[in-house]
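K.L.:
Structure file data_38.csv (CSV, C-alpha atoms) right here:
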chain,number,residue,atom,x,y,z
A,1,MET,CA,46.4,52.9,77.3
A,2,SER,CA,46.2,49.5,79.0
A,3,ASP,CA,42.9,50.3,80.5
A,4,LEU,CA,41.2,51.0,77.2
A,5,PRO,CA,38.1,48.7,76.6
A,6,ARG,CA,38.9,45.8,74.2
A,7,ASP,CA,35.7,46.5,72.2
A,8,ILE,CA,32.4,48.4,72.5
A,9,LEU,CA,30.9,45.4,74.4
A,10,HIS,CA,33.2,46.2,77.3
A,11,CYS,CA,31.5,49.6,77.6
A,12,ILE,CA,28.2,48.0,78.7
A,13,GLY,CA,27.1,48.7,82.3
A,14,SER,CA,28.5,50.7,85.1
A,15,THR,CA,26.1,53.5,84.4
A,16,ARG,CA,25.6,56.5,86.7
A,17,LEU,CA,22.9,57.4,89.2
A,18,LEU,CA,21.5,60.9,89.0
A,19,ALA,CA,19.3,62.7,91.6
A,20,LEU,CA,16.3,64.5,90.1
A,21,ARG,CA,16.4,68.2,91.1
A,22,GLN,CA,13.1,69.7,89.8
A,23,VAL,CA,10.9,66.6,89.2
A,24,ARG,CA,10.4,65.6,92.8
A,25,PRO,CA,7.7,65.8,95.5
A,26,ARG,CA,7.8,68.8,97.8
A,27,ASN,CA,8.1,66.7,101.0
A,28,GLY,CA,8.8,63.3,99.7
A,29,ALA,CA,11.8,61.0,99.1
A,30,ARG,CA,14.6,61.9,96.8
A,31,ILE,CA,14.4,60.1,93.4
A,32,LEU,CA,17.5,58.7,91.7
A,33,LEU,CA,17.5,57.6,88.1
A,34,LYS,CA,19.9,54.9,86.8
A,35,LEU,CA,21.1,56.4,83.5
A,36,GLU,CA,20.9,53.4,81.3
A,37,SER,CA,21.1,55.8,78.3
A,38,GLU,CA,24.8,55.7,78.9
A,39,ASN,CA,25.1,52.2,77.4
A,40,PRO,CA,26.5,52.0,73.9
A,41,THR,CA,23.1,51.8,72.1
A,42,GLY,CA,21.5,54.2,74.7
A,43,SER,CA,19.5,51.4,76.3
A,44,MET,CA,19.5,49.1,79.3
A,45,LYS,CA,18.8,46.2,76.9
A,46,ASP,CA,22.6,46.2,76.0
A,47,ARG,CA,23.0,44.3,79.3
A,48,ILE,CA,20.6,41.5,78.5
A,49,ALA,CA,21.7,41.2,74.9
A,50,LEU,CA,25.2,40.5,75.9
A,51,ALA,CA,24.2,38.2,78.7
A,52,MET,CA,21.9,36.1,76.5
A,53,ILE,CA,24.5,35.7,73.7
A,54,GLU,CA,27.5,35.0,75.9
A,55,THR,CA,25.6,32.4,78.0
A,56,ALA,CA,24.4,30.7,74.8
A,57,GLU,CA,28.0,30.7,73.5
A,58,ALA,CA,29.3,29.2,76.8
A,59,ASP,CA,26.8,26.3,76.9
A,60,GLY,CA,26.9,25.5,73.2
A,61,ARG,CA,23.5,26.7,72.0
A,62,LEU,CA,25.2,29.3,69.8
A,63,GLY,CA,28.4,28.3,68.0
A,64,ARG,CA,30.6,29.6,65.3
A,65,GLY,CA,28.7,30.1,62.0
A,66,GLY,CA,25.4,30.3,63.9
A,67,SER,CA,22.7,33.0,63.6
A,68,VAL,CA,20.4,34.7,66.1
A,69,VAL,CA,16.6,35.3,66.0
A,70,GLU,CA,14.4,37.6,68.1
A,71,TYR,CA,11.0,39.4,68.3
A,72,THR,CA,11.3,42.9,69.7
A,73,GLY,CA,9.8,46.3,70.0
A,74,GLY,CA,13.2,47.6,69.0
A,75,SER,CA,15.5,48.2,72.0
A,76,THR,CA,16.4,44.6,72.5
A,77,GLY,CA,16.7,44.2,68.8
A,78,VAL,CA,19.1,47.2,68.6
A,79,SER,CA,21.2,45.8,71.5
A,80,LEU,CA,21.3,42.3,69.9
A,81,ALA,CA,22.3,43.9,66.6
A,82,LEU,CA,25.2,45.6,68.3
A,83,VAL,CA,26.4,42.4,70.0
A,84,CYS,CA,25.9,40.3,66.9
A,85,ALA,CA,27.8,42.9,64.7
A,86,VAL,CA,30.8,42.7,67.1
A,87,LYS,CA,30.7,38.9,67.3
A,88,GLY,CA,29.9,38.3,63.7
A,89,TYR,CA,26.5,36.6,64.0
A,90,PRO,CA,23.7,37.2,61.4
A,91,LEU,CA,20.6,38.5,63.2
A,92,HIS,CA,17.0,38.0,62.1
A,93,VAL,CA,14.6,40.4,63.9
A,94,VAL,CA,10.8,40.3,63.9
A,95,THR,CA,9.4,43.8,64.8
A,96,SER,CA,6.5,46.1,63.9
A,97,ASP,CA,5.5,49.5,62.6
A,98,ALA,CA,4.0,50.1,66.0
A,99,PHE,CA,7.5,51.0,67.3
A,100,ALA,CA,9.7,54.0,66.7
A,101,ARG,CA,11.2,54.2,63.2
A,102,GLU,CA,14.6,55.1,64.7
A,103,LYS,CA,14.9,51.7,66.3
A,104,LEU,CA,14.1,49.9,63.1
A,105,ASP,CA,16.7,52.0,61.2
A,106,HIS,CA,19.3,51.5,63.9
A,107,MET,CA,18.9,47.7,63.7
A,108,ARG,CA,19.2,47.8,59.9
A,109,ILE,CA,22.3,49.9,60.1
A,110,LEU,CA,23.9,47.4,62.5
A,111,GLY,CA,23.2,44.7,60.0
A,112,ALA,CA,20.0,43.0,61.2
A,113,ARG,CA,17.5,41.5,58.8
A,114,LEU,CA,14.0,42.8,59.7
A,115,ARG,CA,10.5,41.3,59.2
A,116,ILE,CA,7.9,43.9,59.9
A,117,VAL,CA,4.5,42.7,61.4
A,118,PRO,CA,1.7,45.3,60.7
A,119,SER,CA,0.1,46.8,63.8
A,120,ASP,CA,-3.4,48.1,64.6
A,121,SER,CA,-2.9,51.9,63.9
A,122,GLY,CA,0.5,51.9,65.5
A,123,ARG,CA,-0.8,50.6,68.9
A,124,MET,CA,0.7,47.8,71.0
A,125,THR,CA,-1.7,45.0,71.5
A,126,GLU,CA,-1.7,41.4,72.8
A,127,LYS,CA,-2.4,40.1,69.2
A,128,LEU,CA,0.6,42.0,67.9
A,129,THR,CA,2.9,40.5,70.5
A,130,ARG,CA,1.7,37.0,69.8
A,131,ASP,CA,2.0,37.5,66.0
A,132,MET,CA,5.6,38.6,66.4
A,133,ILE,CA,6.5,35.7,68.7
A,134,GLU,CA,5.0,33.2,66.2
A,135,ALA,CA,6.9,34.8,63.3
A,136,ALA,CA,10.2,34.5,65.2
A,137,ARG,CA,9.5,30.9,66.0
A,138,VAL,CA,9.0,30.1,62.3
A,139,ILE,CA,12.2,31.9,61.3
A,140,ALA,CA,14.2,30.1,64.0
A,141,ALA,CA,12.8,26.7,62.8
A,142,GLU,CA,13.6,27.5,59.2
A,143,THR,CA,17.1,28.9,59.7
A,144,GLY,CA,18.2,26.8,62.7
A,145,GLY,CA,19.2,30.0,64.4
A,146,PHE,CA,19.5,30.5,68.1
A,147,TRP,CA,16.2,32.1,69.3
A,148,THR,CA,17.0,34.4,72.3
A,149,ASP,CA,13.2,34.4,73.1
A,150,GLN,CA,13.4,37.3,75.5
A,151,LEU,CA,10.0,36.7,77.1
A,152,ASN,CA,11.2,33.3,78.4
A,153,ASN,CA,15.0,33.6,78.6
A,154,ARG,CA,16.1,33.5,82.2
A,155,ASP,CA,19.8,34.2,81.3
A,156,GLN,CA,19.0,37.9,81.3
A,157,LEU,CA,18.2,38.0,85.0
A,158,ALA,CA,21.9,37.8,85.8
A,159,ALA,CA,22.5,41.0,83.9
A,160,TYR,CA,20.0,42.8,86.1
A,161,HIS,CA,21.5,41.2,89.3
A,162,ARG,CA,24.6,43.1,88.3
A,163,MET,CA,22.7,46.3,87.8
A,164,ALA,CA,21.3,45.9,91.3
A,165,ASP,CA,24.8,45.5,92.6
A,166,GLU,CA,25.8,48.8,90.9
A,167,ILE,CA,22.7,50.5,92.5
A,168,TRP,CA,23.5,49.2,95.9
A,169,THR,CA,27.1,50.3,95.7
A,170,GLN,CA,26.3,53.7,94.3
A,171,THR,CA,23.7,54.4,97.0
A,172,GLY,CA,25.9,53.0,99.8
A,173,GLY,CA,23.0,50.7,100.6
A,174,ARG,CA,20.6,53.6,101.2
A,175,ILE,CA,17.7,52.6,99.1
A,176,ASP,CA,14.1,52.3,100.3
A,177,GLY,CA,12.2,51.8,97.0
A,178,PHE,CA,12.8,50.5,93.5
A,179,VAL,CA,10.4,51.3,90.6
A,180,GLN,CA,10.5,49.8,87.1
A,181,SER,CA,8.1,49.3,84.2
A,182,VAL,CA,7.3,45.8,83.0
A,183,GLY,CA,8.0,44.6,79.5
A,184,THR,CA,9.5,41.1,79.7
A,185,ALA,CA,9.6,41.6,83.5
A,186,ALA,CA,13.3,40.7,83.6
A,187,SER,CA,14.5,44.1,84.7
A,188,LEU,CA,12.0,44.4,87.5
A,189,ARG,CA,12.4,40.8,88.7
A,190,GLY,CA,16.2,40.6,88.3
A,191,THR,CA,16.9,44.0,89.9
A,192,GLY,CA,14.2,43.7,92.6
A,193,GLU,CA,15.1,40.2,93.8
A,194,ALA,CA,18.8,41.1,94.0
A,195,LEU,CA,18.1,44.3,96.0
A,196,ARG,CA,15.8,42.4,98.3
A,197,LEU,CA,18.6,39.8,99.0
A,198,ARG,CA,20.5,42.7,100.5
A,199,ASN,CA,17.5,44.3,102.3
A,200,ASP,CA,14.1,42.7,102.2
A,201,TRP,CA,12.4,45.9,103.4
A,202,ILE,CA,13.0,47.6,100.0
A,203,ARG,CA,9.6,48.5,98.4
A,204,VAL,CA,9.4,47.2,94.8
A,205,VAL,CA,6.8,48.8,92.5
A,206,ALA,CA,5.9,47.5,89.1
A,207,VAL,CA,4.7,49.9,86.4
A,208,GLU,CA,2.2,48.9,83.6
A,209,PRO,CA,0.2,50.9,81.1
A,210,ALA,CA,-3.2,52.0,82.5
A,211,GLU,CA,-4.8,51.2,79.2
A,212,SER,CA,-3.7,47.5,79.5
A,213,PRO,CA,-3.6,46.7,83.3
A,214,VAL,CA,-3.3,42.9,83.0
A,215,LEU,CA,-0.8,42.6,86.0
A,216,SER,CA,-3.5,44.3,88.1
A,217,GLY,CA,-6.1,41.9,87.0
A,218,GLY,CA,-7.7,44.2,84.4
A,219,PRO,CA,-8.4,43.6,80.7
A,220,SER,CA,-5.8,43.7,77.9
A,221,GLY,CA,-5.9,46.9,75.9
A,222,ALA,CA,-4.0,49.0,73.4
A,223,HIS,CA,-1.4,51.6,74.4
A,224,LYS,CA,1.6,53.5,73.0
A,225,ILE,CA,4.3,53.2,75.6
A,226,ASP,CA,7.1,51.5,73.7
A,227,GLY,CA,8.7,48.4,75.2
A,228,ILE,CA,6.3,47.6,78.1
A,229,GLY,CA,2.8,46.2,78.5
A,230,ALA,CA,2.7,43.0,76.3
A,231,GLY,CA,-1.0,42.6,76.9
A,232,PHE,CA,-0.8,39.4,78.8
A,233,ILE,CA,1.0,38.0,81.9
A,234,VAL,CA,4.5,37.4,80.7
A,235,PRO,CA,6.3,34.2,81.7
A,236,LEU,CA,9.1,35.9,83.8
A,237,TRP,CA,6.6,37.8,85.9
A,238,GLN,CA,6.4,36.8,89.5
A,239,ALA,CA,3.6,38.4,91.5
A,240,GLY,CA,5.5,38.3,94.8
A,241,ILE,CA,8.4,40.4,93.5
A,242,ALA,CA,6.3,43.6,93.5
A,243,ASP,CA,4.7,45.2,96.6
A,244,ARG,CA,2.4,47.2,94.3
A,245,ILE,CA,1.5,47.5,90.6
A,246,GLU,CA,1.2,51.1,89.5
A,247,PRO,CA,-0.8,51.9,86.3
A,248,VAL,CA,0.4,54.9,84.3
A,249,SER,CA,-1.4,56.1,81.1
A,250,THR,CA,0.3,56.8,77.8
A,251,GLU,CA,-0.7,60.4,78.2
A,252,GLU,CA,0.9,60.6,81.7
A,253,ALA,CA,4.1,58.9,80.5
A,254,GLY,CA,4.5,61.2,77.5
A,255,ALA,CA,3.9,64.3,79.6
A,256,MET,CA,6.5,63.2,82.1
A,257,ALA,CA,9.0,62.4,79.4
A,258,LEU,CA,8.6,65.9,78.1
A,259,ARG,CA,8.9,67.4,81.6
A,260,LEU,CA,12.1,65.5,82.2
A,261,ALA,CA,13.6,67.0,79.1
A,262,ARG,CA,12.6,70.5,79.9
A,263,GLU,CA,13.2,70.6,83.6
A,264,GLU,CA,16.0,68.1,84.1
A,265,GLY,CA,17.7,68.0,80.7
A,266,LEU,CA,17.1,64.3,80.5
A,267,PHE,CA,15.8,63.2,77.1
A,268,ALA,CA,14.1,59.9,77.6
A,269,GLY,CA,11.4,57.7,76.2
A,270,THR,CA,7.9,57.1,77.5
A,271,SER,CA,8.8,54.0,79.5
A,272,THR,CA,11.1,56.3,81.6
A,273,GLY,CA,8.3,58.8,81.8
A,274,ALA,CA,6.0,56.1,83.2
A,275,ASN,CA,8.8,55.1,85.7
A,276,VAL,CA,9.1,58.6,87.0
A,277,VAL,CA,5.3,59.1,87.4
A,278,ALA,CA,5.2,56.0,89.6
A,279,ALA,CA,8.4,56.9,91.4
A,280,LEU,CA,6.9,60.3,92.4
A,281,ARG,CA,3.8,58.5,93.8
A,282,LEU,CA,6.0,56.2,95.9
A,283,ALA,CA,8.3,59.1,97.0
A,284,GLU,CA,5.3,61.0,98.3
A,285,GLN,CA,4.3,58.0,100.5
A,286,LEU,CA,7.8,57.2,101.8
A,287,GLY,CA,8.7,60.7,103.1
A,288,PRO,CA,11.7,63.0,102.9
A,289,ASP,CA,14.2,60.7,104.6
A,290,ALA,CA,13.8,57.9,102.0
A,291,THR,CA,15.5,57.2,98.7
A,292,VAL,CA,13.7,55.8,95.6
A,293,VAL,CA,15.6,54.5,92.6
A,294,SER,CA,14.1,54.1,89.2
A,295,VAL,CA,15.5,53.6,85.7
A,296,MET,CA,16.1,55.9,82.7
A,297,CYS,CA,15.5,52.9,80.3
A,298,ASP,CA,16.9,54.6,77.2
A,299,THR,CA,17.5,57.8,75.3
A,300,GLY,CA,14.7,59.8,73.7
A,301,MET,CA,16.7,60.0,70.5
A,302,LYS,CA,15.1,56.6,69.8
A,303,TYR,CA,11.7,58.2,69.6
A,304,LEU,CA,12.0,61.4,67.6
A,305,SER,CA,9.5,60.2,64.9
A,306,LYS,CA,6.9,59.5,67.6
A,307,ARG,CA,6.9,63.0,69.2
Write out the structure in this file as structure tokens.
P.N.:
Amino acid sequence: MSDLPRDILHCIGSTRLLALRQVRPRNGARILLKLESENPTGSMKDRIALAMIETAEADGRLGRGGSVVEYTGGSTGVSLALVCAVKGYPLHVVTSDAFAREKLDHMRILGARLRIVPSDSGRMTEKLTRDMIEAARVIAAETGGFWTDQLNNRDQLAAYHRMADEIWTQTGGRIDGFVQSVGTAASLRGTGEALRLRNDWIRVVAVEPAESPVLSGGPSGAHKIDGIGAGFIVPLWQAGIADRIEPVSTEEAGAMALRLAREEGLFAGTSTGANVVAALRLAEQLGPDATVVSVMCDTGMKYLSKR
């Protein structure tokens, strides 16, 4: 019994890699998915929530009796709600009706206090992102709470460095490409830069919504891929970290999420669908002897109301 985790937070990370069997190019690279759905809330965001809170505790920004504030499309909020519930911090979350109801309900059940910012017909837009950020800033100023501010918080990069270490160990260093969608850009940047420290030949591909291709130099637009595509160049983005930016439409992402469920038994959200669409494109280019790794960002159970 001595090896039992002390609490649920010690179950974060060390997720498995799975090779896709059916969703793969005929003569292309094999595709491996990092199953971040195995984390306690079913999301890779558990990693960054723990990192941001524990770093703030260590340097004194968050002390006993303090509270936490964040704006979020839901997954980061759910992960923060988990961490704050275990550690005993009140959590104030700014979110929107643009995001899956399951995420909002999950945050409430874990004890978070929610402020809902109305969206434009359930679509993700630059205005919505900026309105949520401003609302969180006001709450942090009024309450004196620690604002995790995920778009600017560099503490989360270390969590993705650790995920890169897991990927490297699990592949035995045999990885030729890494594909990840861009929300805050922390997962792409943190994982990509850590992998490239080990092998700078690894191809890194960033994924963004085709309807809002701002990283590619296009106009900001509305889309319905939860958790990615803020509508502007996010502060943690670094152009040099990606060899290519791959646009994927909401329709393509949704269709791939459904295909993953029906052909691989993997029930994922649309950001994962977008990842796999882009991973297939890279796999076709790299050839059969290569290995491409991407991320199953979360579980599709978070999105039942949007299907």
K.L.:
Compile the contact shell of Ala29 (chain A) as a PyMOL selection string: residues with an atom at most 12 Å away, counting all atoms listed in the file, same-chain residues fewer than 2 positions apart removed.
P.N.:
chain A and resi 19-21+23-27+31-32+174-178+279-293
K.L.:
Quick one: which region 123-232 of chain A residues come within 10 Å of region 73-88 of chain A, and what is the nearest atom pair for each with the distance in Å to one decimal, counting only C-alpha atoms, rows ordered by chain and ascending number, as JSON lines?
P.N.:
{"residue": "A:Met124", "atom": "CA", "partner": "A:Gly73", "partner_atom": "CA", "distance": 9.3}
{"residue": "A:Thr129", "atom": "CA", "partner": "A:Gly73", "partner_atom": "CA", "distance": 9.0}
{"residue": "A:Met132", "atom": "CA", "partner": "A:Gly73", "partner_atom": "CA", "distance": 9.5}
{"residue": "A:Thr148", "atom": "CA", "partner": "A:Leu80", "partner_atom": "CA", "distance": 9.3}
{"residue": "A:Gln150", "atom": "CA", "partner": "A:Thr76", "partner_atom": "CA", "distance": 8.4}
{"residue": "A:Gly183", "atom": "CA", "partner": "A:Gly73", "partner_atom": "CA", "distance": 9.8}
{"residue": "A:Asp226", "atom": "CA", "partner": "A:Gly73", "partner_atom": "CA", "distance": 6.9}
{"residue": "A:Gly227", "atom": "CA", "partner": "A:Gly73", "partner_atom": "CA", "distance": 5.7}
{"residue": "A:Ile228", "atom": "CA", "partner": "A:Gly73", "partner_atom": "CA", "distance": 8.9}
K.L.:
What does the file look like for those residues with C-alpha atoms, as a PDB file, in the coordinates of the input?
P.N.:
ATOM      1  CA  MET A 124       0.700  47.800  71.000  1.00  0.00           C
ATOM      2  CA  THR A 129       2.900  40.500  70.500  1.00  0.00           C
ATOM      3  CA  MET A 132       5.600  38.600  66.400  1.00  0.00           C
ATOM      4  CA  THR A 148      17.000  34.400  72.300  1.00  0.00           C
ATOM      5  CA  GLN A 150      13.400  37.300  75.500  1.00  0.00           C
ATOM      6  CA  GLY A 183       8.000  44.600  79.500  1.00  0.00           C
ATOM      7  CA  ASP A 226       7.100  51.500  73.700  1.00  0.00           C
ATOM      8  CA  GLY A 227       8.700  48.400  75.200  1.00  0.00           C
ATOM      9  CA  ILE A 228       6.300  47.600  78.100  1.00  0.00           C
TER      10      ILE A 228
END
K.L.:
Report as a list in words all protein, DNA and RNA residues lying within 6 Å of region 202-212 of chain A, evaluated on only C-alpha atoms, omitting residues in the same chain fewer than 5 positions from it.
P.N.:
Asp176, Gly177, Phe178, Val179, Gln180, Ser181, Val182, Ser220, Gly221, His223, Gly229, Ala242, Asp243, Arg244, Ile245, Glu246, Pro247, Val248 and Ser249 of chain A
K.L.:
Quick one: distance from CA of Asn199 (chain A) to CA of Ser294 (chain A) in Å, one decimal?
P.N.:
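Atom-to-atom, CA of Asn199 (chain A) and CA of Ser294 (chain A) are spaced 16.7 Å apart.
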K.L.:
Which of these, A:Leu195, A:Gly300, A:Asp155, A:Asp200, has the shortest distance to Asp59 (chain A) once you count all atoms listed in the file?
P.N.:
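Using all atoms listed in the file, the shortest distance to Asp59 (chain A) belongs to A:Asp155.
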K.L.:
So how far away is CA of Ile116 (chain A) from CA of Asp131 (chain A), in Å?
P.N.:
10.6 Å
K.L.:
Check the smallest atom-to-atom distance from each of A:Gly190, A:Pro219, A:Gly60, A:Pro235 to His161 (chain A) using all atoms listed in the file, then report the winner.
P.N.:
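Answer, going by the shortest atom-to-atom distance: A:Gly190.
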K.L.:
Nearest to Ser37 (chain A): which of A:Gly122, A:Gly269, A:Gly254, A:Gly63 is it, counting only C-alpha atoms?
P.N.:
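Closest to Ser37 (chain A) of all the choices is A:Gly269.
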K.L.:
Select, from A:Ala49, A:Ala136, A:Ala58, A:Ile241, the residue with the minimum atom-to-atom distance to Ala158 (chain A), counting all atoms listed in the file.
P.N.:
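Ranked by minimum distance to Ala158 (chain A), first place goes to A:Ala49.
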